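What follows is one structure encoded as structure tokens, with my remarks underneath.
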Amino acid sequence: MNQDLSLHQRRRLPSQAELANIPWLTQLQPAERERAEAALLVGDAAPGDYVCRVGRPVTYWFGVVEGLLKMSSDNAQGQTMTYTGVPPGGWFGEGTAMKREPYRYNIQALRKSIVAGLPIDTFHWLLDHSIGFNRFVMNQLNERLGQFIAAREIDRLNNPDVRVARSLASLFNPVLYPGVGEVLRITQQELAYLVGLSRQRVNEALAALEVEGAIRVEYGGLRVLDLAALQSSIFQRLAEPR
């Protein structure tokens with residue numbers, strides 16, 4: 001039994017608390033929301049489980065209720081390129097769902113997570129009938145474009161401190177990941193997987209960003225004190241060779 005099948009078999013109906021953590025439901029009219037809630041399913045993903053894989057057909061539009069996922073792909077040489085992390089409140093793959101095309105990336109759980117799925121036919125029904133849902137998806141696509149432009153910039157940064165700063169800023173995007181708030185529950189090893197650096201180098205970068213007053217390292221996670229600073233040139237001096 002492969003991981004995809006085992007996750008699929010663990011699907012269940014969401015609890016009321018889990019439904020409350022799905023941000024776009026509040027944008028729907030009562031009849032639309034009733035239809036969406038009746039179709040939604042959640043799955044309990046174990047670390048390493050694949051939510052979707054390259055080449056597989058799209059069957060659901062997915063979101064993270066709890067936990068942390070990563071989006072990545074493998075090149076011809078077998079090397080893995082990580083595009084971004086997906087923290088709580090994040091929904092992804094709307095472009096793939098709209099076009100009903102196979103996935104071009106892998107989504108994998110970095111830790112025990114609760115993943116919600118909206119069947120693809122219900123997704124398209126909402127696109128056809130709900131103005132609120134269309135606005136949510138349009139905002140998602142707009143923010144996603146900015147996120148991936150920023151990701152290209154991050155890939156070209158040679159200074160690890162700035163890479164970590166920009167990567168953290170993307171994980172605290174209030175539009176794409178409204179469930180994060182001011183504190184992201186993430187370990188240094190998980191952040192290292194997402195940034196593509198060693199755990200030790202990530203630890204050094206976090207220490208530098210804490211000295212700058214942009215973040216505070218707390219037990220089990222990170223608190224952002226100045227999101228604009230993580231996104232801005234205030235860290236330009238960190239980019240200078242040491």
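Chain labels follow the order of the structure tokens: the first chain is A, the next B, and so on; residue numbering restarts at 1 in every chain, and ligands are counted from 1 in their shown order.
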
Name the residues in contact with region 127-139 of chain A at a cut-off of 6 Å, using only C-alpha atoms, excluding same-chain residues fewer than 3 positions from it; report them as a PDB file with all heavy atoms, in the first residue's frame.
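What landed in result-v8.pdb:
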```
ATOM      1  N   GLN A  27     -16.692  33.365   2.872  1.00  0.00           N
ATOM      2  CA  GLN A  27     -16.976  34.197   1.702  1.00  0.00           C
ATOM      3  C   GLN A  27     -18.201  33.711   0.930  1.00  0.00           C
ATOM      4  O   GLN A  27     -18.621  34.365  -0.032  1.00  0.00           O
ATOM      5  CB  GLN A  27     -15.767  34.194   0.757  1.00  0.00           C
ATOM      6  CG  GLN A  27     -14.442  34.555   1.416  1.00  0.00           C
ATOM      7  CD  GLN A  27     -14.467  35.931   2.039  1.00  0.00           C
ATOM      8  OE1 GLN A  27     -14.861  36.892   1.385  1.00  0.00           O
ATOM      9  NE2 GLN A  27     -14.068  36.026   3.301  1.00  0.00           N
ATOM     10  N   LEU A  28     -18.777  32.584   1.347  1.00  0.00           N
ATOM     11  CA  LEU A  28     -19.870  31.968   0.597  1.00  0.00           C
ATOM     12  C   LEU A  28     -21.235  32.378   1.137  1.00  0.00           C
ATOM     13  O   LEU A  28     -21.385  32.666   2.328  1.00  0.00           O
ATOM     14  CB  LEU A  28     -19.750  30.441   0.643  1.00  0.00           C
ATOM     15  CG  LEU A  28     -18.413  29.824   0.214  1.00  0.00           C
ATOM     16  CD1 LEU A  28     -18.510  28.308   0.266  1.00  0.00           C
ATOM     17  CD2 LEU A  28     -18.017  30.293  -1.186  1.00  0.00           C
ATOM     18  N   HIS A 124     -15.418  23.521  -9.147  1.00  0.00           N
ATOM     19  CA  HIS A 124     -15.882  24.166 -10.374  1.00  0.00           C
ATOM     20  C   HIS A 124     -17.313  24.668 -10.235  1.00  0.00           C
ATOM     21  O   HIS A 124     -17.665  25.710 -10.820  1.00  0.00           O
ATOM     22  CB  HIS A 124     -15.743  23.206 -11.556  1.00  0.00           C
ATOM     23  CG  HIS A 124     -14.364  23.178 -12.130  1.00  0.00           C
ATOM     24  ND1 HIS A 124     -13.950  24.020 -13.136  1.00  0.00           N
ATOM     25  CD2 HIS A 124     -13.276  22.433 -11.806  1.00  0.00           C
ATOM     26  CE1 HIS A 124     -12.686  23.793 -13.430  1.00  0.00           C
ATOM     27  NE2 HIS A 124     -12.245  22.828 -12.626  1.00  0.00           N
ATOM     28  N   ASN A 142      -3.383  35.929  -7.538  1.00  0.00           N
ATOM     29  CA  ASN A 142      -2.581  37.147  -7.552  1.00  0.00           C
ATOM     30  C   ASN A 142      -1.436  37.064  -6.549  1.00  0.00           C
ATOM     31  O   ASN A 142      -0.281  37.385  -6.862  1.00  0.00           O
ATOM     32  CB  ASN A 142      -3.466  38.353  -7.251  1.00  0.00           C
ATOM     33  CG  ASN A 142      -2.713  39.659  -7.351  1.00  0.00           C
ATOM     34  OD1 ASN A 142      -2.086  39.945  -8.361  1.00  0.00           O
ATOM     35  ND2 ASN A 142      -2.778  40.465  -6.302  1.00  0.00           N
TER      36      ASN A 142
END
```

Just want the 7 Å neighbourhood of region 13-22 of chain A, counted on only C-alpha atoms, with same-chain residues fewer than 3 positions away dropped. Output as JSON, numbers by chain.
{"A": [25, 41, 42, 65, 89]}

Just want the 9 Å neighbourhood of Glu182 (chain A), counted on only C-alpha atoms, with same-chain residues fewer than 4 positions away dropped. Output as an MDAnalysis selection string.
chainID A and resid 172 222:225

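Across the model, the gap from CA of Ala116 (chain A) to CA of Gly67 (chain A) is 11.4 Å.
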
Among the residues of region 43-203 of chain A, find those DSSP assigns to strand (DSSP E) from the backbone and print them as a short mmCIF file (atom, residue, chain, number, x, y, z; two decimals) with all heavy atoms, in the first residue's frame.
```cif
data_model
loop_
_atom_site.label_atom_id
_atom_site.label_comp_id
_atom_site.auth_asym_id
_atom_site.auth_seq_id
_atom_site.Cartn_x
_atom_site.Cartn_y
_atom_site.Cartn_z
N GLY A 43 -8.09 14.66 5.74
CA GLY A 43 -7.26 13.49 5.90
C GLY A 43 -6.15 13.77 6.90
O GLY A 43 -5.63 14.89 6.96
N ASP A 44 -5.81 12.78 7.69
CA ASP A 44 -4.73 12.91 8.68
C ASP A 44 -3.43 12.41 8.05
O ASP A 44 -3.22 11.19 7.91
CB ASP A 44 -5.08 12.12 9.94
CG ASP A 44 -6.37 12.60 10.57
OD1 ASP A 44 -6.39 13.75 11.05
OD2 ASP A 44 -7.36 11.84 10.57
N ALA A 45 -2.59 13.35 7.64
CA ALA A 45 -1.35 13.02 6.94
C ALA A 45 -0.22 12.81 7.93
O ALA A 45 0.00 13.64 8.82
CB ALA A 45 -0.99 14.12 5.95
N TYR A 50 2.50 11.86 0.87
CA TYR A 50 2.28 12.73 -0.28
C TYR A 50 0.80 13.07 -0.38
O TYR A 50 -0.04 12.17 -0.41
CB TYR A 50 2.75 12.06 -1.58
CG TYR A 50 4.24 12.07 -1.76
CD1 TYR A 50 5.02 11.00 -1.32
CD2 TYR A 50 4.88 13.14 -2.38
CE1 TYR A 50 6.40 11.00 -1.49
CE2 TYR A 50 6.26 13.15 -2.56
CZ TYR A 50 7.01 12.08 -2.11
OH TYR A 50 8.37 12.09 -2.27
N VAL A 51 0.51 14.35 -0.45
CA VAL A 51 -0.87 14.80 -0.67
C VAL A 51 -1.17 14.75 -2.17
O VAL A 51 -2.26 14.35 -2.58
CB VAL A 51 -1.07 16.22 -0.12
CG1 VAL A 51 -2.48 16.73 -0.41
CG2 VAL A 51 -0.78 16.25 1.38
N CYS A 52 -0.21 15.14 -2.99
CA CYS A 52 -0.33 14.99 -4.43
C CYS A 52 1.08 14.83 -5.00
O CYS A 52 2.07 15.22 -4.37
CB CYS A 52 -1.06 16.17 -5.07
SG CYS A 52 -0.39 17.80 -4.66
N TYR A 60 -8.93 16.87 -6.10
CA TYR A 60 -9.35 17.76 -5.03
C TYR A 60 -8.58 19.07 -5.11
O TYR A 60 -7.46 19.13 -5.65
CB TYR A 60 -9.07 17.15 -3.64
CG TYR A 60 -9.91 15.96 -3.27
CD1 TYR A 60 -9.49 14.68 -3.57
CD2 TYR A 60 -11.12 16.11 -2.59
CE1 TYR A 60 -10.25 13.57 -3.22
CE2 TYR A 60 -11.89 15.01 -2.23
CZ TYR A 60 -11.44 13.75 -2.55
OH TYR A 60 -12.21 12.66 -2.20
N TRP A 61 -9.15 20.11 -4.54
CA TRP A 61 -8.44 21.34 -4.22
C TRP A 61 -8.11 21.23 -2.74
O TRP A 61 -8.99 21.02 -1.91
CB TRP A 61 -9.32 22.55 -4.49
CG TRP A 61 -8.68 23.87 -4.21
CD1 TRP A 61 -7.42 24.27 -4.57
CD2 TRP A 61 -9.27 24.99 -3.54
NE1 TRP A 61 -7.20 25.56 -4.16
CE2 TRP A 61 -8.31 26.02 -3.52
CE3 TRP A 61 -10.52 25.20 -2.96
CZ2 TRP A 61 -8.56 27.26 -2.93
CZ3 TRP A 61 -10.78 26.43 -2.39
CH2 TRP A 61 -9.80 27.44 -2.37
N PHE A 62 -6.82 21.36 -2.40
CA PHE A 62 -6.36 21.03 -1.06
C PHE A 62 -6.00 22.28 -0.23
O PHE A 62 -5.60 23.31 -0.77
CB PHE A 62 -5.11 20.15 -1.13
CG PHE A 62 -5.37 18.75 -1.60
CD1 PHE A 62 -4.93 18.33 -2.85
CD2 PHE A 62 -6.05 17.84 -0.81
CE1 PHE A 62 -5.16 17.03 -3.30
CE2 PHE A 62 -6.29 16.55 -1.23
CZ PHE A 62 -5.85 16.15 -2.49
N GLY A 63 -6.12 22.12 1.08
CA GLY A 63 -5.71 23.15 2.02
C GLY A 63 -5.22 22.52 3.31
O GLY A 63 -5.53 21.36 3.62
N VAL A 64 -4.45 23.29 4.08
CA VAL A 64 -3.89 22.82 5.34
C VAL A 64 -4.72 23.36 6.50
O VAL A 64 -4.83 24.57 6.68
CB VAL A 64 -2.41 23.26 5.51
CG1 VAL A 64 -1.83 22.70 6.79
CG2 VAL A 64 -1.60 22.80 4.31
N VAL A 65 -5.28 22.45 7.28
CA VAL A 65 -6.01 22.84 8.49
C VAL A 65 -5.04 22.96 9.66
O VAL A 65 -5.07 23.93 10.42
CB VAL A 65 -7.13 21.83 8.81
CG1 VAL A 65 -7.86 22.21 10.09
CG2 VAL A 65 -8.10 21.74 7.64
N GLU A 66 -4.17 21.97 9.80
CA GLU A 66 -3.12 21.98 10.80
C GLU A 66 -1.88 21.33 10.21
O GLU A 66 -1.98 20.46 9.35
CB GLU A 66 -3.53 21.20 12.07
CG GLU A 66 -4.67 21.79 12.86
CD GLU A 66 -4.99 20.96 14.10
OE1 GLU A 66 -4.20 20.06 14.44
OE2 GLU A 66 -6.05 21.20 14.69
N LEU A 69 3.19 21.54 5.17
CA LEU A 69 3.51 20.80 3.96
C LEU A 69 4.61 21.52 3.20
O LEU A 69 4.89 22.69 3.45
CB LEU A 69 2.28 20.67 3.05
CG LEU A 69 0.96 20.20 3.67
CD1 LEU A 69 -0.11 20.12 2.59
CD2 LEU A 69 1.12 18.87 4.36
N LYS A 70 5.24 20.81 2.26
CA LYS A 70 6.19 21.47 1.37
C LYS A 70 5.85 21.14 -0.07
O LYS A 70 5.38 20.05 -0.40
CB LYS A 70 7.63 21.07 1.67
CG LYS A 70 8.01 19.66 1.24
CD LYS A 70 9.53 19.46 1.32
CE LYS A 70 9.93 18.07 0.86
NZ LYS A 70 11.41 17.90 0.83
N MET A 71 6.06 22.12 -0.96
CA MET A 71 5.84 21.97 -2.39
C MET A 71 7.21 21.85 -3.06
O MET A 71 8.07 22.71 -2.89
CB MET A 71 5.09 23.18 -2.94
CG MET A 71 4.85 23.14 -4.44
SD MET A 71 4.04 24.65 -5.06
CE MET A 71 2.42 24.49 -4.31
N SER A 72 7.40 20.78 -3.84
CA SER A 72 8.71 20.56 -4.44
C SER A 72 8.57 19.76 -5.73
O SER A 72 7.49 19.26 -6.06
CB SER A 72 9.62 19.79 -3.47
OG SER A 72 9.09 18.49 -3.22
N SER A 73 9.67 19.63 -6.44
CA SER A 73 9.75 18.76 -7.62
C SER A 73 11.17 18.24 -7.73
O SER A 73 12.10 18.78 -7.14
CB SER A 73 9.35 19.51 -8.89
OG SER A 73 10.28 20.55 -9.16
N ASP A 74 11.33 17.17 -8.48
CA ASP A 74 12.64 16.56 -8.69
C ASP A 74 13.07 16.77 -10.13
O ASP A 74 12.26 16.61 -11.06
CB ASP A 74 12.60 15.05 -8.38
CG ASP A 74 12.19 14.77 -6.95
OD1 ASP A 74 12.59 15.55 -6.08
OD2 ASP A 74 11.49 13.77 -6.71
N THR A 80 16.10 17.45 -5.59
CA THR A 80 14.81 18.01 -5.19
C THR A 80 14.91 19.53 -5.08
O THR A 80 15.81 20.05 -4.43
CB THR A 80 14.34 17.42 -3.86
OG1 THR A 80 14.17 16.02 -3.99
CG2 THR A 80 13.01 18.04 -3.42
N MET A 81 13.98 20.23 -5.72
CA MET A 81 13.88 21.68 -5.59
C MET A 81 12.61 22.01 -4.83
O MET A 81 11.51 21.64 -5.24
CB MET A 81 13.84 22.35 -6.97
CG MET A 81 13.62 23.86 -6.91
SD MET A 81 13.55 24.63 -8.55
CE MET A 81 15.25 24.40 -9.09
N THR A 82 12.76 22.67 -3.68
CA THR A 82 11.61 23.05 -2.87
C THR A 82 11.17 24.45 -3.26
O THR A 82 11.96 25.39 -3.26
CB THR A 82 11.96 23.00 -1.37
OG1 THR A 82 12.30 21.65 -1.03
CG2 THR A 82 10.77 23.44 -0.53
N TYR A 83 9.87 24.61 -3.57
CA TYR A 83 9.34 25.89 -3.98
C TYR A 83 8.87 26.72 -2.79
O TYR A 83 9.16 27.91 -2.69
CB TYR A 83 8.18 25.70 -4.96
CG TYR A 83 8.56 24.99 -6.22
CD1 TYR A 83 7.95 23.80 -6.58
CD2 TYR A 83 9.54 25.50 -7.07
CE1 TYR A 83 8.30 23.14 -7.75
CE2 TYR A 83 9.89 24.85 -8.24
CZ TYR A 83 9.26 23.66 -8.57
OH TYR A 83 9.61 23.01 -9.73
N THR A 84 8.14 26.10 -1.90
CA THR A 84 7.61 26.84 -0.76
C THR A 84 7.07 25.86 0.27
O THR A 84 6.88 24.68 0.00
CB THR A 84 6.48 27.80 -1.21
OG1 THR A 84 6.08 28.62 -0.11
CG2 THR A 84 5.26 27.03 -1.70
N GLY A 85 6.81 26.38 1.45
CA GLY A 85 6.09 25.62 2.46
C GLY A 85 4.63 26.06 2.45
O GLY A 85 4.30 27.14 1.96
N VAL A 86 3.77 25.20 2.99
CA VAL A 86 2.35 25.53 3.09
C VAL A 86 1.93 25.35 4.54
O VAL A 86 1.69 24.22 4.99
CB VAL A 86 1.48 24.66 2.16
CG1 VAL A 86 0.04 25.17 2.16
CG2 VAL A 86 2.04 24.62 0.75
N TRP A 91 -4.25 27.27 1.11
CA TRP A 91 -4.86 26.42 0.09
C TRP A 91 -4.03 26.56 -1.18
O TRP A 91 -3.49 27.64 -1.47
CB TRP A 91 -6.32 26.82 -0.15
CG TRP A 91 -7.18 26.34 0.98
CD1 TRP A 91 -7.23 26.83 2.25
CD2 TRP A 91 -8.08 25.23 0.94
NE1 TRP A 91 -8.09 26.09 3.02
CE2 TRP A 91 -8.64 25.11 2.24
CE3 TRP A 91 -8.48 24.33 -0.05
CZ2 TRP A 91 -9.55 24.11 2.56
CZ3 TRP A 91 -9.40 23.36 0.27
CH2 TRP A 91 -9.93 23.24 1.56
N PHE A 92 -3.89 25.49 -1.92
CA PHE A 92 -2.95 25.50 -3.04
C PHE A 92 -3.50 24.68 -4.21
O PHE A 92 -4.40 23.86 -4.04
CB PHE A 92 -1.60 24.93 -2.61
CG PHE A 92 -1.69 23.54 -2.02
CD1 PHE A 92 -1.61 22.41 -2.82
CD2 PHE A 92 -1.87 23.37 -0.66
CE1 PHE A 92 -1.71 21.15 -2.28
CE2 PHE A 92 -1.97 22.10 -0.10
CZ PHE A 92 -1.90 20.99 -0.92
N ASN A 106 5.15 18.07 -6.32
CA ASN A 106 4.78 17.20 -5.21
C ASN A 106 4.41 18.04 -4.00
O ASN A 106 5.01 19.09 -3.77
CB ASN A 106 5.94 16.28 -4.83
CG ASN A 106 6.37 15.36 -5.95
OD1 ASN A 106 5.53 14.79 -6.64
ND2 ASN A 106 7.67 15.23 -6.16
N ILE A 107 3.43 17.58 -3.25
CA ILE A 107 3.11 18.18 -1.96
C ILE A 107 3.24 17.09 -0.92
O ILE A 107 2.58 16.05 -1.02
CB ILE A 107 1.69 18.76 -1.94
CG1 ILE A 107 1.54 19.90 -2.94
CG2 ILE A 107 1.33 19.23 -0.53
CD1 ILE A 107 2.21 21.20 -2.52
N GLN A 108 4.10 17.32 0.07
CA GLN A 108 4.43 16.29 1.06
C GLN A 108 4.35 16.87 2.46
O GLN A 108 4.72 18.02 2.69
CB GLN A 108 5.84 15.76 0.79
CG GLN A 108 6.24 14.53 1.57
CD GLN A 108 7.59 14.01 1.12
OE1 GLN A 108 8.38 14.74 0.49
NE2 GLN A 108 7.88 12.77 1.44
N ALA A 109 3.87 16.08 3.40
CA ALA A 109 3.77 16.52 4.79
C ALA A 109 5.13 16.46 5.46
O ALA A 109 5.82 15.44 5.40
CB ALA A 109 2.78 15.64 5.55
N SER A 113 -0.11 16.29 9.92
CA SER A 113 -0.92 17.41 9.44
C SER A 113 -2.35 16.95 9.18
O SER A 113 -2.61 15.76 8.96
CB SER A 113 -0.34 17.98 8.14
OG SER A 113 1.01 18.39 8.31
N ILE A 114 -3.25 17.91 9.21
CA ILE A 114 -4.63 17.68 8.79
C ILE A 114 -4.84 18.46 7.50
O ILE A 114 -4.69 19.68 7.46
CB ILE A 114 -5.63 18.14 9.87
CG1 ILE A 114 -5.43 17.35 11.16
CG2 ILE A 114 -7.06 17.95 9.37
CD1 ILE A 114 -6.32 17.82 12.30
N VAL A 115 -5.15 17.72 6.44
CA VAL A 115 -5.30 18.30 5.11
C VAL A 115 -6.75 18.19 4.68
O VAL A 115 -7.36 17.12 4.77
CB VAL A 115 -4.39 17.58 4.10
CG1 VAL A 115 -4.54 18.21 2.71
CG2 VAL A 115 -2.94 17.62 4.56
N ALA A 116 -7.32 19.31 4.22
CA ALA A 116 -8.70 19.33 3.73
C ALA A 116 -8.71 19.26 2.21
O ALA A 116 -7.80 19.76 1.54
CB ALA A 116 -9.42 20.58 4.20
N GLY A 117 -9.74 18.62 1.67
CA GLY A 117 -9.87 18.53 0.23
C GLY A 117 -11.29 18.83 -0.22
O GLY A 117 -12.25 18.30 0.36
N LEU A 118 -11.42 19.70 -1.21
CA LEU A 118 -12.70 20.00 -1.83
C LEU A 118 -12.73 19.29 -3.18
O LEU A 118 -11.87 19.54 -4.02
CB LEU A 118 -12.88 21.51 -2.02
CG LEU A 118 -14.22 21.94 -2.62
CD1 LEU A 118 -15.34 21.77 -1.60
CD2 LEU A 118 -14.15 23.40 -3.08
N PRO A 119 -13.68 18.38 -3.41
CA PRO A 119 -13.72 17.67 -4.70
C PRO A 119 -13.71 18.64 -5.87
O PRO A 119 -14.32 19.71 -5.83
CB PRO A 119 -15.04 16.88 -4.62
CG PRO A 119 -15.24 16.66 -3.16
CD PRO A 119 -14.75 17.93 -2.50
N VAL A 183 2.67 33.86 14.95
CA VAL A 183 3.57 32.78 15.37
C VAL A 183 3.44 31.61 14.42
O VAL A 183 2.35 31.11 14.17
CB VAL A 183 3.26 32.31 16.81
CG1 VAL A 183 4.20 31.17 17.21
CG2 VAL A 183 3.39 33.46 17.79
N LEU A 184 4.58 31.18 13.87
CA LEU A 184 4.63 30.02 12.99
C LEU A 184 5.23 28.85 13.76
O LEU A 184 6.36 28.94 14.24
CB LEU A 184 5.48 30.32 11.76
CG LEU A 184 5.71 29.15 10.79
CD1 LEU A 184 4.40 28.70 10.17
CD2 LEU A 184 6.72 29.54 9.71
#
```

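Atom to atom, CA of Gly93 (chain A) and CA of Ala169 (chain A) stand 20.5 Å apart.
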
Test item, alpha helix (DSSP H) assignment across region 2-200 of chain A, answer as JSON, numbers by chain
{"A": [3, 4, 5, 6, 7, 8, 9, 16, 17, 18, 19, 20, 30, 31, 32, 33, 34, 35, 36, 37, 38, 39, 94, 95, 96, 97, 98, 99, 120, 121, 122, 123, 124, 125, 126, 127, 128, 129, 131, 132, 133, 134, 135, 136, 137, 138, 139, 140, 141, 142, 143, 144, 145, 146, 147, 148, 149, 150, 151, 152, 153, 154, 155, 160, 161, 162, 163, 164, 165, 166, 167, 168, 169, 170, 171, 188, 189, 190, 191, 192, 193, 194, 195, 199, 200]}

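CA of Thr122 (chain A) sits 10.8 Å away from CA of Ala97 (chain A).
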
From the set A:Ile186, A:Leu176, A:Leu168, A:Val162, which residue has the shortest atom-to-atom contact distance to Ala208 (chain A), counting only C-alpha atoms?
A:Val162
